[in-house]
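Novice: Sharing a structure below in structure tokens format, with a few things to ask.
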Protein chains: 2
Amino acid sequence: MSKQDRIEPRRLKGFRDYLPDLMSRRLAVMDTIRREARLAGFQVIGTPALEYAEILLGQGGEETDKQVYRFTDHGDRAVALRFDLTVPFARFVAEHQGELAFPFKKLQMGDVWRGENTQKGRYREFTQCDLDIIGIDAPAADVDILAVFHRILSEAKLGGPFTISIGHRLILSALIRKTLPGLAGGAETGALVAIDKLAKIGRDGVLRLLSALPGATEAGAGELLATLTTKDQAGDTDLARIAALLGEGDSAQAAEIQRLRETVQTLRGVAKPTAGGGRFVVDLTIARGLGYYTGIVFETTLDELDGFGSVCSGGRYNDLASRFSSRELPGVGGSIGLDRLVAGLEELGRVGRSAEGLVFIAVATADARGYAFELASDLRRAGIAADVGMHPKLGNQFKHADRLGCPVVVTVGSDERERRTVAIKTMADGVERRDLPASELVGELRAVLASQ
Amino acid sequence: MSKQDRIEPRRLKGFRDYLPDLMSRRLAVMDTIRREARLAGFQVIGTPALEYAEILLGQGGEETDKQVYRFTDHGDRAVALRFDLTVPFARFVAEHQGELAFPFKKLQMGDVWRGENTQKGRYREFTQCDLDIIGIDAPAADVDILAVFHRILSEAKLGGPFTISIGHRLILSALIRKTLPGLAGGAETGALVAIDKLAKIGRDGVLRLLSALPGATEAGAGELLATLTTKDQAGDTDLARIAALLGEGDSAQAAEIQRLRETVQTLRGVAKPTAGGGRFVVDLTIARGLGYYTGIVFETTLDELDGFGSVCSGGRYNDLASRFSSRELPGVGGSIGLDRLVAGLEELGRVGRSAEGLVFIAVATADARGYAFELASDLRRAGIAADVGMHPKLGNQFKHADRLGCPVVVTVGSDERERRTVAIKTMADGVERRDLPASELVGELRAVLASQ
């Protein structure tokens with residue numbers, strides 16, 4: 001093709017290629033999520049990238065609607081790319097409710113698209129990993145969902161401690177109503193949004209925002225914030241103080257407080273023997289902004305990364321599919337931000353290479369090629385990753401092995417082929433060994449790779 | 001939400017939801033592909049779903065262009081959803097050539113979108129799994145790519161024999177020119193297309209198509225077809241006859257014939273010890289239609305499914321990224337049709353359930369919930385999948401376990417909690433056992449699950 005006809009190989013802004021090292025990190029985390037979800041009885045589902053626009057729009061607020069990629073397809077249908085996995089999941093459950101056994105425990109991992117402004121670390125295509133338990137409002141479901149996220153994060157090779165902070169939307173709302181009784185109708189949401197900013201703008205900032213709400217008093221705002229941030233001896237928000245403040249009258253709130261207490265107590269029993277250092281904390285300042293939550297809400301932070309934000313969050317909602325079905329489907333669930341979690345692992349230096357442990361078989365003479373592939377086949381069958389040299393020159397093959405980071409190079413030529421032997425070189429120390437019988441290669445490499 | 005405001009939960013035509021059983025089959029095949037690719041030194045990459053339209057269009061022919069989902073994004077850019085993984089991969093290699101070590105061996109798995117007419121088994125969203133070795137034109141690359149596909153299909157739990165049929169585009173073209181020397185310019189492509197239809201329309205049909213090409217003779221068409229379909233004792237296309245027909249003069253063709261011979265010979269040496277029954281056959285009637293192939297081409301059929309078509313195909317091409325880069329990048333690669341392969345497995349009855357081997361822990365009294373989750377945590381940590389009952393009534397929990405197909409139900413109540421024991425019931429025979437110490441549960445369940 002002539003130079004003039006050539007097209008510049010460019011990508012859309014906010015869209016990424018995944019090169020092998022980054023991809024292998026993403027896959028390692030996704031494999032961990034899938035394995036732990038399976039062990040906890042979650043089943044994997046999938047939904048299409050494209051949906052009817054009417055299914056997706058009007059769900060995430062005006063700002064989200066603006067960001068949705070929408071267009072008209074070949075059949076003149078108004079369609080849109082999904083911007084999250086929650087709305088398609090609601091459609092999925094409504095459509096397939098007859099085929100599912102409730103409580104239905106599901107994992108869905110998939111890409112979503114939002115045409116938002118690209119900032120540092122913000123992409124227009126990113127991956128969500130959602131776990132939900134749908135069809136039941138039971139304490140066991142709250143425990144189960146938090147236990148599986150705890151397991152996933154314990155196994156995700158974070159290598160450091162993390163904290164799952166658990167709040168409660170109903171208790172928080174009751175507290176807001178109690179301390180700021182004059183609050184005008186829509187202002188309760190404003191109070192939630194203000195409290196959500198505590199980590200960002202500090203106590204004084206939140207106090208100013210709360211006091212400025214229509215119908216609020218400075219004294220009430222102060223009492224609210226003091227109540228939310230007072231800790232008991234275990235480091236939890238002081239639930240006894242909250243129970244006392246809300247009073248005996250409200251038995252529904254008392255029951256929710258008791259349920260929250262028991263949930264955290266059970267989780268601590270379950271999590272105790274785990275290494276990894278993940279802990280559960282009751283923190284009523286967790287508000288989860290404008291969400292549709294109606295029970296527990298939670299966020300997860302990596303203790304070593306201050307100000308990094310939440311890598312896993314969610315909560316209880318009590319009407320997943322009301323737009324699509326008359327059936328009431330309460331649920332509890334959460335989402336792992338894969339890109340954010342992988343970025344966190346990178347920042348903590350917990351990264352590997354995509355070709356880790358790859359053995360390279362160099363071919364010294366063309367007549368040994370078939371022999372090299374036989375050896376490669378034996379190694380692969382034994383679970384040892386093996387590559388075969390393709391460059392005509394042996395020197396170039398060694399250079400390639402070095403660039404891939406292969407810890408060992410096995411060399412074969414006419415001699416080796418005839419005598420069914422190999423030469424073997426460990427790259428770290430340059431030590432070579434000749435005349436190793438081919439039959440001993442698997443055992444020898446296992447020992448060498450284990451010592452790396 | 002009122003009934004009037006409700007939206008019908010419908011999907012776009014040609015788009016599928018993946019329910020748990022189907023999804024688990026897809027994931028099992030994808031895991032096999034990824035594992036075998038890794039063992040053979042392939043690295044996984046990813047590219048965006050959306051690209052600039054100019055990158056994608058004009059590549060797959062007019063028919064494909066019409067099927068591409070294209071639209072204008074928020075920034076007034078003409079964008080399109082990828083219709084295959086090959087064109088984005090070419091853009092990827094051109095853009096990142098400085099960051100890659102050649103030969104670069106890659107696996108990419110991802111969804112692609114085509115707005116084509118929906119027929120039985122044709123979807124507008126489907127998954128491709130592509131493996132390629134790029135940056136070298138070497139016999140070793142031909143062997144390596146075919147060996148890895150052979151391994152994947154051997155390990156994909158097909159449980160039955162399959163055949164990888166290998167043709168060669170250059171040799172086939174030379175044969176067409178030799179037997180139909182009067183063929184007009186564009187008619188060689190017509191001959192390839194005609195030969196590609198052999199399985200569908202039979203010898204007589206192909207003969208008619210070939211004879212009708214401008215400049216063709218019936219005698220020439222007959223000789224071509226006879227030459228292509230004459231087998232030697234090994235069941236391969238008779239390459240000696242082809243070499244003789246092409247004559248001594250054409251040393252390039254002679255070299256290609258020799259390379260094809262050696263490739264198949266090496267592959268047979270490598271594949272020999274494999275169970276699974278996959279075999280390699282030289283079949284020069286494999287033409288792969290209008291593709292851009294310049295060397296070996298291959299297709300794979302499941303021997304037990306007559307007329308099912310190819311589940312894995314590809315070939316050598318000698319200029320992957322010429323639209324984007326002046327660098328010449330020869331390669332060899334192929335694609336596994338995931339949906340087709342899974343459909344094949346289903347037709348052969350080789351399917352499992354998504355919740356296979358899941359142990360159910362039923363909770364008889366609410367005070368035993370924490371104990372149940374401790375047991376579940378122990379099992380999960382030991383690699384045994386465990387679910388905890390959430391329905392208030394024990395009977396409903398057992399019904400749910402039954403619906404999930406759980407082979408074993410463990411029951412705990414106040415008594416069991418106090419004495420740290422469990423009751424255990426195997427669902428197949430209904431046999432119950434009480435008072436099993438919790439400390440023996442993992443061992444007991446391993447034995448029970450192994451005997452299922």
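Going by the structure tokens order, chains are called A, B, ..., each with residues numbered from 1, while ligands are numbered from 1 in the order shown.
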Find the spatial neighbours of Val311 of chain B, counting only C-alpha atoms, within a cut-off of 7 Å - ignore same-chain residues fewer than 3 positions away - and output them as a list in words.
Specialist: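 The filter keeps Thr300, Thr301, Ile336, Gly337, Arg340 and Leu341 of chain B.
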Novice: Which residues are near Ile133 of chain B? Cut-off 6 Å, only C-alpha atoms, ignore same chain within fewer than 6 positions. Put them as a ChimeraX atom specification.
Specialist: /B:104-105,331-332
Novice: So how far away is atom CA of Gly383 of chain A from atom CA of Val281 of chain B, in Å?
Specialist: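 The value is 27.3 Å.
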Novice: As a VMD selection string, please: every residue in segment 250-339 of chain A that DSSP puts in helix (DSSP H, G or I).
Specialist: chain A and resid 251 to 271 338 to 339
Novice: Skip Leu228 of chain B itself and residues of its chain fewer than 4 positions away, then list as an MDAnalysis selection string all residues within 8 Å of it, counting only C-alpha atoms.
Specialist: chainID B and resid 224 237:238 283:285
Novice: Please dump the current selection as an mmCIF file, in the first residue's frame; keep all heavy atoms.
Specialist:
data_model
loop_
_atom_site.group_PDB
_atom_site.id
_atom_site.type_symbol
_atom_site.label_atom_id
_atom_site.label_comp_id
_atom_site.auth_asym_id
_atom_site.auth_seq_id
_atom_site.Cartn_x
_atom_site.Cartn_y
_atom_site.Cartn_z
ATOM 1 N N LEU B 224 -8.168 -30.057 -12.697
ATOM 2 C CA LEU B 224 -7.957 -29.345 -11.432
ATOM 3 C C LEU B 224 -8.631 -30.084 -10.277
ATOM 4 O O LEU B 224 -8.002 -30.386 -9.254
ATOM 5 C CB LEU B 224 -8.521 -27.915 -11.545
ATOM 6 C CG LEU B 224 -8.520 -27.068 -10.257
ATOM 7 C CD1 LEU B 224 -7.105 -26.925 -9.701
ATOM 8 C CD2 LEU B 224 -9.128 -25.690 -10.521
ATOM 9 N N THR B 237 -4.157 -35.122 0.397
ATOM 10 C CA THR B 237 -4.104 -34.768 -1.013
ATOM 11 C C THR B 237 -2.738 -35.212 -1.548
ATOM 12 O O THR B 237 -1.713 -34.988 -0.904
ATOM 13 C CB THR B 237 -4.229 -33.241 -1.203
ATOM 14 O OG1 THR B 237 -5.480 -32.814 -0.658
ATOM 15 C CG2 THR B 237 -4.177 -32.868 -2.675
ATOM 16 N N ASP B 238 -2.731 -35.833 -2.736
ATOM 17 C CA ASP B 238 -1.490 -36.409 -3.281
ATOM 18 C C ASP B 238 -0.543 -35.301 -3.744
ATOM 19 O O ASP B 238 -0.632 -34.804 -4.869
ATOM 20 C CB ASP B 238 -1.847 -37.331 -4.454
ATOM 21 C CG ASP B 238 -0.638 -38.121 -4.923
ATOM 22 O OD1 ASP B 238 0.501 -37.752 -4.564
ATOM 23 O OD2 ASP B 238 -0.838 -39.114 -5.650
ATOM 24 N N ASP B 283 -5.377 -31.197 2.813
ATOM 25 C CA ASP B 283 -6.537 -31.156 1.935
ATOM 26 C C ASP B 283 -6.499 -29.857 1.135
ATOM 27 O O ASP B 283 -6.896 -28.802 1.611
ATOM 28 C CB ASP B 283 -7.825 -31.251 2.760
ATOM 29 C CG ASP B 283 -9.075 -31.284 1.878
ATOM 30 O OD1 ASP B 283 -8.942 -31.051 0.650
ATOM 31 O OD2 ASP B 283 -10.166 -31.529 2.411
ATOM 32 N N LEU B 284 -6.007 -29.960 -0.098
ATOM 33 C CA LEU B 284 -5.808 -28.762 -0.925
ATOM 34 C C LEU B 284 -7.116 -28.129 -1.383
ATOM 35 O O LEU B 284 -7.104 -27.053 -1.977
ATOM 36 C CB LEU B 284 -4.914 -29.086 -2.136
ATOM 37 C CG LEU B 284 -3.429 -28.760 -2.025
ATOM 38 C CD1 LEU B 284 -3.190 -27.260 -2.027
ATOM 39 C CD2 LEU B 284 -2.789 -29.373 -0.796
ATOM 40 N N THR B 285 -8.258 -28.793 -1.129
ATOM 41 C CA THR B 285 -9.525 -28.157 -1.515
ATOM 42 C C THR B 285 -9.943 -27.089 -0.508
ATOM 43 O O THR B 285 -10.903 -26.365 -0.726
ATOM 44 C CB THR B 285 -10.675 -29.189 -1.630
ATOM 45 O OG1 THR B 285 -10.997 -29.704 -0.334
ATOM 46 C CG2 THR B 285 -10.296 -30.328 -2.556
#
Novice: For segment 410-413 of chain A, list every protein, DNA or RNA residue within 8 Å, evaluated using only C-alpha atoms, and leave out those in the same chain fewer than 4 positions away; present the list as a list of chain:residue names.
Specialist: A:Val359, A:Phe360, A:Ile361, A:Ala362, A:Val363, A:Ala364, A:Thr365, A:Ala366, A:Asp367, A:Ala368, A:Tyr371, A:Ala372, A:Arg417, A:Thr421, A:Val422, A:Ala423, A:Ile424, A:Lys425
Novice: Kindly indicate which residue among A:Arg279, A:His168, A:Lys178, A:Arg35 lies nearest to Gly315 of chain A, using only C-alpha atoms for the distances.
Specialist: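 The closest residue to Gly315 of chain A is A:His168.
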Novice: Find the residues around Leu267 of chain A up to 10 Å (only C-alpha atoms counted), leave out those fewer than 4 positions away in its own chain, and share them as a PyMOL selection string.
Specialist: (chain A and resi 142-144+146-147+150+262-263+271-272+279-280) or (chain B and resi 370+373-374)
Novice: Keeping only N, CA, C and O atoms, write those residues as a tab-separated table (two decimals), in the first residue's frame.
Specialist:
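And here is the file that came out, part.tsv:
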chain	number	residue	atom	x	y	z
A	142	ASP	N	-27.11	-10.25	53.38
A	142	ASP	CA	-26.16	-9.17	53.68
A	142	ASP	C	-24.81	-9.75	54.07
A	142	ASP	O	-23.76	-9.29	53.60
A	143	VAL	N	-24.84	-10.77	54.94
A	143	VAL	CA	-23.59	-11.41	55.38
A	143	VAL	C	-22.88	-12.04	54.19
A	143	VAL	O	-21.67	-11.86	53.99
A	144	ASP	N	-23.63	-12.77	53.37
A	144	ASP	CA	-23.04	-13.55	52.28
A	144	ASP	C	-22.33	-12.64	51.28
A	144	ASP	O	-21.23	-12.94	50.82
A	146	LEU	N	-21.13	-9.59	51.70
A	146	LEU	CA	-19.94	-8.95	52.26
A	146	LEU	C	-18.83	-9.97	52.47
A	146	LEU	O	-17.65	-9.67	52.29
A	147	ALA	N	-19.21	-11.23	52.82
A	147	ALA	CA	-18.20	-12.28	53.01
A	147	ALA	C	-17.48	-12.59	51.70
A	147	ALA	O	-16.26	-12.78	51.68
A	150	HIS	N	-15.08	-9.86	50.84
A	150	HIS	CA	-13.93	-9.96	51.74
A	150	HIS	C	-12.96	-11.03	51.25
A	150	HIS	O	-11.74	-10.82	51.20
A	262	GLU	N	-25.61	-7.57	64.26
A	262	GLU	CA	-25.42	-9.02	64.08
A	262	GLU	C	-24.67	-9.33	62.79
A	262	GLU	O	-23.86	-10.26	62.74
A	263	THR	N	-24.97	-8.57	61.74
A	263	THR	CA	-24.27	-8.78	60.46
A	263	THR	C	-22.77	-8.62	60.65
A	263	THR	O	-21.98	-9.48	60.23
A	271	ALA	N	-14.44	-13.87	59.10
A	271	ALA	CA	-13.22	-13.32	58.50
A	271	ALA	C	-11.99	-13.57	59.35
A	271	ALA	O	-10.87	-13.50	58.87
A	272	LYS	N	-12.20	-13.91	60.62
A	272	LYS	CA	-11.11	-13.97	61.58
A	272	LYS	C	-9.88	-14.75	61.09
A	272	LYS	O	-8.77	-14.24	61.15
A	279	ARG	N	-10.59	-6.07	57.23
A	279	ARG	CA	-11.43	-5.96	58.43
A	279	ARG	C	-12.74	-5.25	58.09
A	279	ARG	O	-12.84	-4.54	57.09
A	280	PHE	N	-13.74	-5.47	58.96
A	280	PHE	CA	-15.04	-4.83	58.81
A	280	PHE	C	-15.20	-3.75	59.87
A	280	PHE	O	-14.86	-3.98	61.03
B	370	GLY	N	-24.70	-17.68	62.08
B	370	GLY	CA	-23.28	-17.37	62.15
B	370	GLY	C	-22.43	-18.64	62.02
B	370	GLY	O	-21.43	-18.66	61.32
B	373	PHE	N	-22.29	-19.80	58.45
B	373	PHE	CA	-21.34	-19.03	57.63
B	373	PHE	C	-19.89	-19.38	57.97
B	373	PHE	O	-19.03	-19.35	57.10
B	374	GLU	N	-19.63	-19.73	59.24
B	374	GLU	CA	-18.27	-20.18	59.58
B	374	GLU	C	-17.94	-21.47	58.83
B	374	GLU	O	-16.85	-21.62	58.27
Novice: Quick one: residues within 7 Å of segment 208-217 of chain A, only C-alpha atoms, excluding same-chain residues fewer than 4 positions away - as a list in words?
Specialist: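 Result of the neighbour search: Leu180, Gly182, Leu183, Ala184, Ala187, Ala191, Ala194, Asp204 and Ala221 of chain A.
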Novice: Using only N, CA, C and O atoms, please write the residues we just selected to a file, as an mmCIF file, in the first residue's frame.
Specialist:
data_model
loop_
_atom_site.group_PDB
_atom_site.id
_atom_site.type_symbol
_atom_site.label_atom_id
_atom_site.label_comp_id
_atom_site.auth_asym_id
_atom_site.auth_seq_id
_atom_site.Cartn_x
_atom_site.Cartn_y
_atom_site.Cartn_z
ATOM 1 N N LEU A 180 -32.383 17.010 62.214
ATOM 2 C CA LEU A 180 -32.738 18.169 61.392
ATOM 3 C C LEU A 180 -34.204 18.071 61.006
ATOM 4 O O LEU A 180 -34.547 17.915 59.824
ATOM 5 N N GLY A 182 -36.552 20.121 60.751
ATOM 6 C CA GLY A 182 -37.146 21.168 59.915
ATOM 7 C C GLY A 182 -36.768 21.076 58.446
ATOM 8 O O GLY A 182 -37.188 21.900 57.626
ATOM 9 N N LEU A 183 -35.974 20.073 58.103
ATOM 10 C CA LEU A 183 -35.451 19.941 56.735
ATOM 11 C C LEU A 183 -36.585 19.856 55.714
ATOM 12 O O LEU A 183 -37.512 19.076 55.868
ATOM 13 N N ALA A 184 -36.494 20.677 54.669
ATOM 14 C CA ALA A 184 -37.523 20.657 53.624
ATOM 15 C C ALA A 184 -37.420 19.362 52.819
ATOM 16 O O ALA A 184 -36.383 18.674 52.840
ATOM 17 N N ALA A 187 -34.431 18.159 50.723
ATOM 18 C CA ALA A 187 -33.142 18.473 51.337
ATOM 19 C C ALA A 187 -32.488 17.272 52.007
ATOM 20 O O ALA A 187 -31.295 17.291 52.294
ATOM 21 N N ALA A 191 -28.531 16.337 52.344
ATOM 22 C CA ALA A 191 -27.790 15.970 53.552
ATOM 23 C C ALA A 191 -26.938 14.727 53.298
ATOM 24 O O ALA A 191 -25.772 14.659 53.699
ATOM 25 N N ALA A 194 -23.966 15.699 51.278
ATOM 26 C CA ALA A 194 -22.997 16.426 52.116
ATOM 27 C C ALA A 194 -22.175 15.457 52.959
ATOM 28 O O ALA A 194 -20.941 15.549 53.024
ATOM 29 N N ASP A 204 -15.540 20.397 59.015
ATOM 30 C CA ASP A 204 -16.023 21.780 58.926
ATOM 31 C C ASP A 204 -16.761 22.005 57.618
ATOM 32 O O ASP A 204 -17.808 22.670 57.575
ATOM 33 N N ALA A 221 -27.204 20.169 62.829
ATOM 34 C CA ALA A 221 -26.139 19.658 61.954
ATOM 35 C C ALA A 221 -24.969 19.178 62.798
ATOM 36 O O ALA A 221 -24.376 18.126 62.517
#
Novice: To one decimal place, how far is atom CA of Val206 of chain B from atom CA of Ala287 of chain B in Å?
Specialist: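 Separation of atom CA of Val206 of chain B and atom CA of Ala287 of chain B: 12.8 Å.
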Novice: Return the single residue from A:Ile201, A:Asp196, A:Ile164, A:Glu347 that is closest to Glu304 of chain A, with distances computed using only C-alpha atoms.
Specialist: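 Distance minimum relative to Glu304 of chain A lands on A:Glu347.
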Novice: Taking only C-alpha atoms into account, which of A:Ser313, A:Ser451, A:Ser439, A:Ser322 comes nearest chain B?
Specialist: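 Nearest to chain B: A:Ser322.
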Novice: Using DSSP on the backbone, list every residue of segment 347-436 of chain A that comes out as strand (DSSP E), and give them as a ChimeraX atom specification.
Specialist: /A:359-363,386-388,408-412,421-426,432-436
Novice: Restricted to C-alpha atoms, what would the selected residues look like written as a compact mmCIF listing (two decimals), in the first residue's frame?
Specialist:
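The resulting again-v5.txt:
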# COMPACT_ATOMS: atom_id res chain seq x y z
CA VAL A 359 10.71 -21.74 29.16
CA PHE A 360 12.33 -20.99 25.79
CA ILE A 361 13.47 -23.80 23.47
CA ALA A 362 16.13 -22.53 21.06
CA VAL A 363 16.67 -24.42 17.80
CA ALA A 386 7.16 -23.37 26.62
CA ASP A 387 8.00 -21.27 23.58
CA VAL A 388 10.01 -22.47 20.53
CA VAL A 408 15.56 -20.81 31.27
CA VAL A 409 16.63 -21.53 27.68
CA VAL A 410 16.77 -25.11 26.45
CA THR A 411 18.89 -25.54 23.30
CA VAL A 412 18.67 -28.39 20.79
CA THR A 421 19.36 -34.85 25.00
CA VAL A 422 19.22 -31.09 25.58
CA ALA A 423 21.47 -28.26 26.70
CA ILE A 424 19.98 -26.05 29.39
CA LYS A 425 20.94 -22.53 30.53
CA THR A 426 19.56 -20.59 33.50
CA GLU A 432 24.95 -24.00 31.32
CA ARG A 433 24.52 -27.73 31.47
CA ARG A 434 24.89 -30.08 28.49
CA ASP A 435 23.76 -33.61 27.67
CA LEU A 436 20.72 -33.69 29.91
